[in-house]
>>> print(open('work-v1.pdb').read())   # PDB, C-alpha atoms
ATOM      1  CA  MET A  12     -13.914 -58.178-130.629
ATOM      2  CA  HIS A  13     -14.303 -57.160-126.970
ATOM      3  CA  ILE A  14     -13.856 -53.446-126.247
ATOM      4  CA  LEU A  15     -10.790 -54.070-124.054
ATOM      5  CA  SER A  16      -9.064 -56.077-126.771
ATOM      6  CA  LEU A  17      -9.937 -53.446-129.356
ATOM      7  CA  ILE A  18      -8.611 -50.593-127.221
ATOM      8  CA  GLU A  19      -5.331 -52.379-126.538
ATOM      9  CA  LYS A  20      -4.981 -53.150-130.247
ATOM     10  CA  TYR A  21      -5.596 -49.503-131.163
ATOM     11  CA  GLU A  22      -3.182 -48.246-128.496
ATOM     12  CA  LEU A  23      -0.257 -50.174-129.984
ATOM     13  CA  GLN A  24       0.171 -47.669-132.803
ATOM     14  CA  PHE A  25       0.448 -44.828-130.296
ATOM     15  CA  SER A  26       2.608 -46.592-127.688
ATOM     16  CA  ASN A  27       5.095 -47.604-130.405
ATOM     17  CA  ASN A  28       8.602 -46.226-129.690
ATOM     18  CA  ASN A  29       7.631 -45.227-126.137
ATOM     19  CA  TYR A  30       4.693 -43.128-127.344
ATOM     20  CA  PHE A  31       6.625 -41.337-130.065
ATOM     21  CA  GLY A  32       4.501 -43.267-132.575
ATOM     22  CA  ASP A  33       5.764 -44.058-136.060
ATOM     23  CA  ILE A  34       8.747 -41.708-136.060
ATOM     24  CA  GLY A  35       9.350 -39.920-139.365
ATOM     25  CA  VAL A  36       6.000 -40.834-140.908
ATOM     26  CA  GLU A  37       4.386 -38.021-142.883
ATOM     27  CA  PRO A  38       1.920 -36.559-142.372
ATOM     28  CA  SER A  39       2.062 -36.746-138.572
ATOM     29  CA  TYR A  40      -1.677 -37.345-138.290
ATOM     30  CA  SER A  41      -4.223 -39.880-139.534
ATOM     31  CA  ILE A  42      -7.867 -39.491-140.496
ATOM     32  CA  ALA A  43     -10.794 -41.906-140.356
ATOM     33  CA  LYS A  44     -13.871 -40.700-142.212
ATOM     34  CA  GLY A  45     -17.483 -41.441-141.343
ATOM     35  CA  THR A  46     -20.954 -40.154-142.109
ATOM     36  CA  LEU A  47     -22.071 -38.497-138.849
ATOM     37  CA  PRO A  48     -21.309 -34.724-138.975
ATOM     38  CA  VAL A  49     -19.163 -34.808-135.819
ATOM     39  CA  LEU A  50     -15.351 -34.769-135.781
ATOM     40  CA  VAL A  51     -13.446 -36.290-132.839
ATOM     41  CA  SER A  52      -9.858 -35.110-132.456
ATOM     42  CA  ALA A  53      -6.973 -36.565-130.414
ATOM     43  CA  PRO A  54      -3.950 -34.308-130.991
ATOM     44  CA  HIS A  55      -2.000 -35.580-127.964
ATOM     45  CA  ALA A  56      -2.349 -39.322-128.607
ATOM     46  CA  ILE A  57       1.459 -39.467-128.698
ATOM     47  CA  ASN A  58       4.248 -37.437-127.087
ATOM     48  CA  HIS A  59       4.249 -33.849-128.276
ATOM     49  CA  TYR A  60       6.611 -30.888-128.333
ATOM     50  CA  ARG A  61       5.789 -27.610-126.610
ATOM     51  CA  GLU A  62       8.010 -24.697-125.644
ATOM     52  CA  HIS A  63      11.299 -26.560-126.202
ATOM     53  CA  ALA A  64      10.284 -29.645-124.233
ATOM     54  CA  VAL A  65       8.700 -33.024-124.948
ATOM     55  CA  LYS A  66       5.396 -33.517-123.141
ATOM     56  CA  PRO A  67       4.037 -37.021-122.518
ATOM     57  CA  ALA A  68       1.142 -38.461-124.488
ATOM     58  CA  ASP A  69      -2.437 -38.301-123.240
ATOM     59  CA  MET A  70      -2.618 -42.078-123.127
ATOM     60  CA  TYR A  71      -5.672 -43.811-124.589
ATOM     61  CA  THR A  72      -7.123 -40.619-126.097
ATOM     62  CA  GLY A  73      -6.184 -41.811-129.593
ATOM     63  CA  SER A  74      -7.659 -45.228-128.934
ATOM     64  CA  LEU A  75     -10.828 -43.664-127.532
ATOM     65  CA  ALA A  76     -11.159 -41.534-130.669
ATOM     66  CA  LEU A  77     -10.789 -44.594-132.909
ATOM     67  CA  LEU A  78     -13.247 -46.633-130.858
ATOM     68  CA  LEU A  79     -15.806 -43.832-130.917
ATOM     69  CA  GLN A  80     -15.398 -43.532-134.682
ATOM     70  CA  LYS A  81     -16.144 -47.239-134.978
ATOM     71  CA  LEU A  82     -19.151 -47.062-132.630
ATOM     72  CA  THR A  83     -20.787 -43.950-134.080
ATOM     73  CA  ASN A  84     -19.384 -43.608-137.621
ATOM     74  CA  CYS A  85     -18.303 -40.054-136.861
ATOM     75  CA  HIS A  86     -15.121 -38.580-138.360
ATOM     76  CA  CYS A  87     -11.807 -38.770-136.518
ATOM     77  CA  ILE A  88      -8.358 -37.150-136.665
ATOM     78  CA  TYR A  89      -5.429 -38.024-134.418
ATOM     79  CA  SER A  90      -1.658 -37.619-134.155
ATOM     80  CA  ASN A  91       0.311 -40.712-135.193
ATOM     81  CA  SER A  92       3.926 -39.534-135.384
ATOM     82  CA  PHE A  93       6.044 -37.207-133.264
ATOM     83  CA  SER A  94       6.219 -33.701-134.656
ATOM     84  CA  LYS A  95       7.700 -30.387-133.553
ATOM     85  CA  GLU A  96       4.159 -29.001-133.859
ATOM     86  CA  ASP A  97       1.814 -29.227-130.878
ATOM     87  CA  PRO A  98      -1.536 -29.102-132.693
ATOM     88  CA  ASN A  99      -3.309 -27.855-129.564
ATOM     89  CA  TYR A 100      -0.916 -24.977-128.925
ATOM     90  CA  ILE A 101       0.661 -23.491-132.034
ATOM     91  CA  LEU A 102      -1.240 -21.160-134.316
ATOM     92  CA  GLY A 103      -1.971 -22.908-137.596
ATOM     93  CA  GLY A 104      -0.048 -26.042-138.512
ATOM     94  CA  GLU A 105      -0.767 -29.083-140.663
ATOM     95  CA  TYR A 106      -3.035 -30.840-138.158
ATOM     96  CA  LYS A 107      -5.415 -27.873-137.947
ATOM     97  CA  ALA A 108      -5.287 -27.431-141.729
ATOM     98  CA  ALA A 109      -6.360 -31.069-142.197
ATOM     99  CA  LEU A 110      -9.047 -30.690-139.533
ATOM    100  CA  GLY A 111     -10.363 -27.605-141.311
ATOM    101  CA  THR A 112     -10.538 -29.488-144.601
ATOM    102  CA  ILE A 113     -12.585 -32.282-143.005
ATOM    103  CA  VAL A 114     -14.970 -29.768-141.424
ATOM    104  CA  LYS A 115     -15.577 -28.022-144.744
ATOM    105  CA  GLU A 116     -15.746 -31.081-147.002
ATOM    106  CA  HIS A 117     -18.049 -33.075-144.717
ATOM    107  CA  GLN A 118     -20.158 -30.228-143.296
ATOM    108  CA  ILE A 119     -19.127 -31.031-139.740
ATOM    109  CA  ASN A 120     -21.395 -29.493-137.080
ATOM    110  CA  PHE A 121     -19.348 -30.278-133.970
ATOM    111  CA  VAL A 122     -15.690 -30.775-133.106
ATOM    112  CA  ILE A 123     -14.892 -32.743-129.943
ATOM    113  CA  ASP A 124     -11.248 -32.514-128.878
ATOM    114  CA  LEU A 125     -10.174 -35.267-126.461
ATOM    115  CA  HIS A 126      -7.425 -34.799-123.876
ATOM    116  CA  GLY A 127      -6.122 -36.591-120.827
ATOM    117  CA  ALA A 128      -5.664 -35.140-117.348
ATOM    118  CA  SER A 129      -3.703 -36.527-114.424
ATOM    119  CA  LYS A 130      -5.522 -38.793-111.961
ATOM    120  CA  GLU A 131      -4.620 -36.237-109.263
ATOM    121  CA  ARG A 132      -6.888 -33.601-110.820
ATOM    122  CA  GLU A 133      -9.952 -32.568-108.821
ATOM    123  CA  PHE A 134     -12.352 -33.415-111.639
ATOM    124  CA  ASP A 135     -13.407 -36.520-113.530
ATOM    125  CA  ILE A 136     -14.213 -34.445-116.622
ATOM    126  CA  ASP A 137     -13.354 -30.809-117.372
ATOM    127  CA  LEU A 138     -15.201 -29.275-120.313
ATOM    128  CA  GLY A 139     -13.343 -26.449-122.046
ATOM    129  CA  THR A 140     -15.721 -24.146-123.903
ATOM    130  CA  LEU A 141     -13.823 -20.832-124.112
ATOM    131  CA  HIS A 142     -15.885 -19.861-121.056
ATOM    132  CA  GLY A 143     -19.156 -20.739-122.741
ATOM    133  CA  THR A 144     -18.567 -19.223-126.176
ATOM    134  CA  SER A 145     -17.612 -22.302-128.247
ATOM    135  CA  ILE A 146     -20.848 -24.259-127.848
ATOM    136  CA  GLN A 147     -24.513 -23.421-127.385
ATOM    137  CA  GLU A 148     -25.807 -23.576-123.817
ATOM    138  CA  ASN A 149     -28.432 -26.228-124.551
ATOM    139  CA  ASN A 150     -25.755 -28.503-126.013
ATOM    140  CA  ILE A 151     -23.341 -28.137-123.100
ATOM    141  CA  ASN A 152     -26.214 -28.855-120.723
ATOM    142  CA  GLU A 153     -26.970 -32.000-122.702
ATOM    143  CA  VAL A 154     -23.315 -33.098-122.551
ATOM    144  CA  ILE A 155     -23.300 -32.714-118.760
ATOM    145  CA  ARG A 156     -26.642 -34.514-118.424
ATOM    146  CA  ILE A 157     -25.329 -37.492-120.407
ATOM    147  CA  PHE A 158     -22.208 -37.776-118.234
ATOM    148  CA  PHE A 159     -24.377 -37.630-115.107
ATOM    149  CA  ASN A 160     -26.729 -40.282-116.451
ATOM    150  CA  HIS A 161     -23.774 -42.640-116.863
ATOM    151  CA  GLY A 162     -22.544 -42.057-113.333
ATOM    152  CA  ILE A 163     -19.840 -39.458-114.064
ATOM    153  CA  THR A 164     -20.922 -36.623-111.785
ATOM    154  CA  ASN A 165     -17.727 -34.721-111.022
ATOM    155  CA  VAL A 166     -17.979 -32.745-114.248
ATOM    156  CA  HIS A 167     -16.601 -29.186-114.333
ATOM    157  CA  GLN A 168     -16.678 -26.465-116.943
ATOM    158  CA  ASN A 169     -13.563 -24.392-117.670
ATOM    159  CA  HIS A 170     -12.167 -25.458-114.290
ATOM    160  CA  THR A 171      -8.514 -25.933-115.221
ATOM    161  CA  PHE A 172      -8.592 -26.180-119.024
ATOM    162  CA  SER A 173     -10.872 -23.635-120.688
ATOM    163  CA  ALA A 174      -9.310 -24.150-124.160
ATOM    164  CA  SER A 175      -9.220 -20.355-124.490
ATOM    165  CA  HIS A 176      -5.609 -20.179-125.738
ATOM    166  CA  PRO A 177      -5.886 -19.163-129.437
ATOM    167  CA  GLY A 178      -3.829 -22.184-130.513
ATOM    168  CA  THR A 179      -6.257 -24.810-129.201
ATOM    169  CA  ILE A 180      -8.294 -27.008-131.510
ATOM    170  CA  THR A 181     -11.452 -25.780-129.779
ATOM    171  CA  SER A 182     -10.585 -22.112-130.277
ATOM    172  CA  TYR A 183      -9.638 -22.703-133.921
ATOM    173  CA  SER A 184     -12.844 -24.628-134.606
ATOM    174  CA  ALA A 185     -15.125 -22.093-132.919
ATOM    175  CA  ASN A 186     -13.463 -18.861-134.005
ATOM    176  CA  GLU A 187     -12.065 -19.667-137.452
ATOM    177  CA  LEU A 188     -14.148 -22.585-138.739
ATOM    178  CA  LEU A 189     -17.302 -21.278-137.017
ATOM    179  CA  VAL A 190     -18.443 -24.693-135.819
ATOM    180  CA  GLN A 191     -19.428 -25.584-132.275
ATOM    181  CA  SER A 192     -16.603 -27.222-130.390
ATOM    182  CA  ILE A 193     -15.628 -28.527-126.982
ATOM    183  CA  GLN A 194     -12.421 -29.690-125.313
ATOM    184  CA  ILE A 195     -12.978 -32.707-123.062
ATOM    185  CA  GLU A 196     -10.275 -33.334-120.453
ATOM    186  CA  ILE A 197     -10.644 -36.858-119.067
ATOM    187  CA  ASN A 198      -9.121 -37.810-115.720
ATOM    188  CA  ARG A 199      -6.688 -40.724-116.027
ATOM    189  CA  ASN A 200      -8.962 -42.902-113.864
ATOM    190  CA  TYR A 201     -11.713 -42.573-116.485
ATOM    191  CA  ARG A 202      -9.581 -43.398-119.536
ATOM    192  CA  ASN A 203      -7.525 -46.258-118.127
ATOM    193  CA  PRO A 204      -8.879 -49.611-119.383
ATOM    194  CA  LYS A 205      -7.528 -51.263-116.226
ATOM    195  CA  SER A 206     -10.321 -49.404-114.363
ATOM    196  CA  PHE A 207     -12.791 -50.962-116.749
ATOM    197  CA  ASP A 208     -16.016 -49.928-114.990
ATOM    198  CA  LEU A 209     -15.000 -46.256-115.083
ATOM    199  CA  PHE A 210     -13.610 -46.614-118.597
ATOM    200  CA  GLN A 211     -16.907 -48.060-119.818
ATOM    201  CA  LYS A 212     -18.785 -45.104-118.353
ATOM    202  CA  THR A 213     -16.562 -42.788-120.377
ATOM    203  CA  ILE A 214     -17.061 -44.749-123.595
ATOM    204  CA  HIS A 215     -20.843 -44.945-123.230
ATOM    205  CA  SER A 216     -21.089 -41.250-122.300
ATOM    206  CA  LEU A 217     -19.016 -40.091-125.251
ATOM    207  CA  GLU A 218     -20.814 -42.412-127.655
ATOM    208  CA  GLN A 219     -24.172 -40.944-126.634
ATOM    209  CA  ILE A 220     -22.826 -37.376-126.718
ATOM    210  CA  ILE A 221     -21.544 -37.845-130.275
ATOM    211  CA  ASN A 222     -24.814 -39.370-131.460
ATOM    212  CA  GLN A 223     -26.799 -36.616-129.744
ATOM    213  CA  LEU A 224     -24.706 -33.763-131.154
ATOM    214  CA  GLY A 225     -24.632 -35.401-134.567
ATOM    215  CA  GLY A 226     -28.404 -35.360-134.709
ATOM    216  CA  ALA A 227     -28.789 -31.876-133.221
TER     217      ALA A 227
END
>>> encode(input="work-v1.pdb", output="structure tokens")
Amino acid sequence: MHILSLIEKYELQFSNNNYFGDIGVEPSYSIAKGTLPVLVSAPHAINHYREHAVKPADMYTGSLALLLQKLTNCHCIYSNSFSKEDPNYILGGEYKAALGTIVKEHQINFVIDLHGASKEREFDIDLGTLHGTSIQENNINEVIRIFFNHGITNVHQNHTFSASHPGTITSYSANELLVQSIQIEINRNYRNPKSFDLFQKTIHSLEQIINQLGGA
């Protein structure tokens, strides 16, 4: 199946009920297991609840996570049903507990947490690394090099989203699970399948990053 068709098929489960997903389904996350010791996370694939307000989904991050799992055979966790927990903000919660179980049971070496930024942001990609403490310098340099090699050159580190809030997936993975982790904020232009050339650059970059980190 063509990548575009696959992405649109995957996105249906997230866009269901105006991006509230399968309302009432428990648990509010799904897992796809692989063999590569990398875990891709998409906690904002559907609308989420933070500080008494509903925040819109990071569209296509769930579909990207599923596609990357298929391409690389990494592990994957993503939100599938609206919950009063924002997995990337609250301390603890069922999503992080499940993520921690995957990391321990499958000896995960890297956690990559995917997020979506507005197309008005100044960057194409913003890498959140707790200001350089969540991932080794040689690995972050490799991540940037791979993006550049695929034509994504406006790549920032900790520009707007450093992931340093203690409730983030990246902070939890680095500080509590003690595995290297990175939050990748993707500008809307680079995760919108309608801009297919840019979207392909994102897919190919992330696929290579996962394979590279998985073999590190």
>>> closest_residue(input="work-v1.pdb", among="A:Leu17, A:Ile220, A:Ile34, A:Val154", to="His59 in chain A", atoms="only C-alpha atoms")
A:Ile34
>>> closest_residue(input="work-v1.pdb", among="A:Ile180, A:Cys87, A:Ala53, A:Leu189", to="Gly127 in chain A", atoms="only C-alpha atoms")
A:Ala53
>>> resolve_selection(input="work-v1.pdb", expression="the PyMOL selection byres ((chain A and resi 93-109) around 8)", output="ChimeraX atom specification")
/A:31-35,39-40,54-55,57-61,90-92,110-113,176-180,183
>>> atom_distance(input="work-v1.pdb", atom1="CA of Glu196 in chain A", atom2="CA of Asp137 in chain A")
5.0 Å
>>> axis_aligned_box(input="work-v1.pdb", around="range 169-172 of chain A", padding_each_side="3 Å", output="lines of an AutoDock Vina configuration file")
center_x = -11.0
center_y = -25.3
center_z = -116.7
size_x = 11.0
size_y = 7.8
size_z = 10.7
>>> decode(input="work-v1.pdb", residues="range 94-143 of chain A", atoms="C-alpha atoms", output="PDB file, in the first residue's frame")
ATOM      1  CA  SER A  94      -8.609  10.830  28.797  1.00  0.00           C
ATOM      2  CA  LYS A  95      -8.421  13.394  31.588  1.00  0.00           C
ATOM      3  CA  GLU A  96      -4.705  12.545  31.762  1.00  0.00           C
ATOM      4  CA  ASP A  97      -2.266  14.425  29.536  1.00  0.00           C
ATOM      5  CA  PRO A  98       0.545  11.855  29.361  1.00  0.00           C
ATOM      6  CA  ASN A  99       3.096  14.544  28.496  1.00  0.00           C
ATOM      7  CA  TYR A 100       2.218  16.815  31.409  1.00  0.00           C
ATOM      8  CA  ILE A 101       0.972  15.027  34.509  1.00  0.00           C
ATOM      9  CA  LEU A 102       3.319  13.232  36.857  1.00  0.00           C
ATOM     10  CA  GLY A 103       2.794   9.492  36.568  1.00  0.00           C
ATOM     11  CA  GLY A 104      -0.357   8.169  34.932  1.00  0.00           C
ATOM     12  CA  GLU A 105      -1.267   4.993  33.069  1.00  0.00           C
ATOM     13  CA  TYR A 106       0.405   5.945  29.781  1.00  0.00           C
ATOM     14  CA  LYS A 107       3.799   6.445  31.436  1.00  0.00           C
ATOM     15  CA  ALA A 108       3.332   3.268  33.485  1.00  0.00           C
ATOM     16  CA  ALA A 109       2.733   1.280  30.277  1.00  0.00           C
ATOM     17  CA  LEU A 110       5.684   2.983  28.590  1.00  0.00           C
ATOM     18  CA  GLY A 111       7.889   2.070  31.542  1.00  0.00           C
ATOM     19  CA  THR A 112       6.805  -1.559  31.321  1.00  0.00           C
ATOM     20  CA  ILE A 113       7.723  -1.708  27.622  1.00  0.00           C
ATOM     21  CA  VAL A 114      11.128  -0.145  28.301  1.00  0.00           C
ATOM     22  CA  LYS A 115      11.925  -2.681  31.016  1.00  0.00           C
ATOM     23  CA  GLU A 116      10.498  -5.795  29.359  1.00  0.00           C
ATOM     24  CA  HIS A 117      12.073  -5.132  25.955  1.00  0.00           C
ATOM     25  CA  GLN A 118      15.344  -3.513  27.071  1.00  0.00           C
ATOM     26  CA  ILE A 119      14.588  -0.316  25.184  1.00  0.00           C
ATOM     27  CA  ASN A 120      17.639   1.908  24.609  1.00  0.00           C
ATOM     28  CA  PHE A 121      15.914   5.016  23.253  1.00  0.00           C
ATOM     29  CA  VAL A 122      12.538   6.702  23.624  1.00  0.00           C
ATOM     30  CA  ILE A 123      11.456   9.078  20.850  1.00  0.00           C
ATOM     31  CA  ASP A 124       8.420  11.189  21.743  1.00  0.00           C
ATOM     32  CA  LEU A 125       6.661  12.713  18.717  1.00  0.00           C
ATOM     33  CA  HIS A 126       4.744  15.994  18.868  1.00  0.00           C
ATOM     34  CA  GLY A 127       3.265  18.480  16.452  1.00  0.00           C
ATOM     35  CA  ALA A 128       3.942  22.213  16.318  1.00  0.00           C
ATOM     36  CA  SER A 129       2.019  24.923  14.507  1.00  0.00           C
ATOM     37  CA  LYS A 130       3.071  25.795  10.951  1.00  0.00           C
ATOM     38  CA  GLU A 131       3.693  29.345  12.227  1.00  0.00           C
ATOM     39  CA  ARG A 132       6.600  28.192  14.403  1.00  0.00           C
ATOM     40  CA  GLU A 133      10.067  29.417  13.435  1.00  0.00           C
ATOM     41  CA  PHE A 134      11.480  25.901  13.176  1.00  0.00           C
ATOM     42  CA  ASP A 135      10.883  22.835  11.039  1.00  0.00           C
ATOM     43  CA  ILE A 136      12.026  20.556  13.870  1.00  0.00           C
ATOM     44  CA  ASP A 137      12.645  21.396  17.534  1.00  0.00           C
ATOM     45  CA  LEU A 138      14.524  18.756  19.513  1.00  0.00           C
ATOM     46  CA  GLY A 139      13.770  18.738  23.238  1.00  0.00           C
ATOM     47  CA  THR A 140      16.597  17.170  25.227  1.00  0.00           C
ATOM     48  CA  LEU A 141      16.225  18.690  28.717  1.00  0.00           C
ATOM     49  CA  HIS A 142      18.913  21.132  27.559  1.00  0.00           C
ATOM     50  CA  GLY A 143      21.257  18.357  26.506  1.00  0.00           C
TER      51      GLY A 143
END
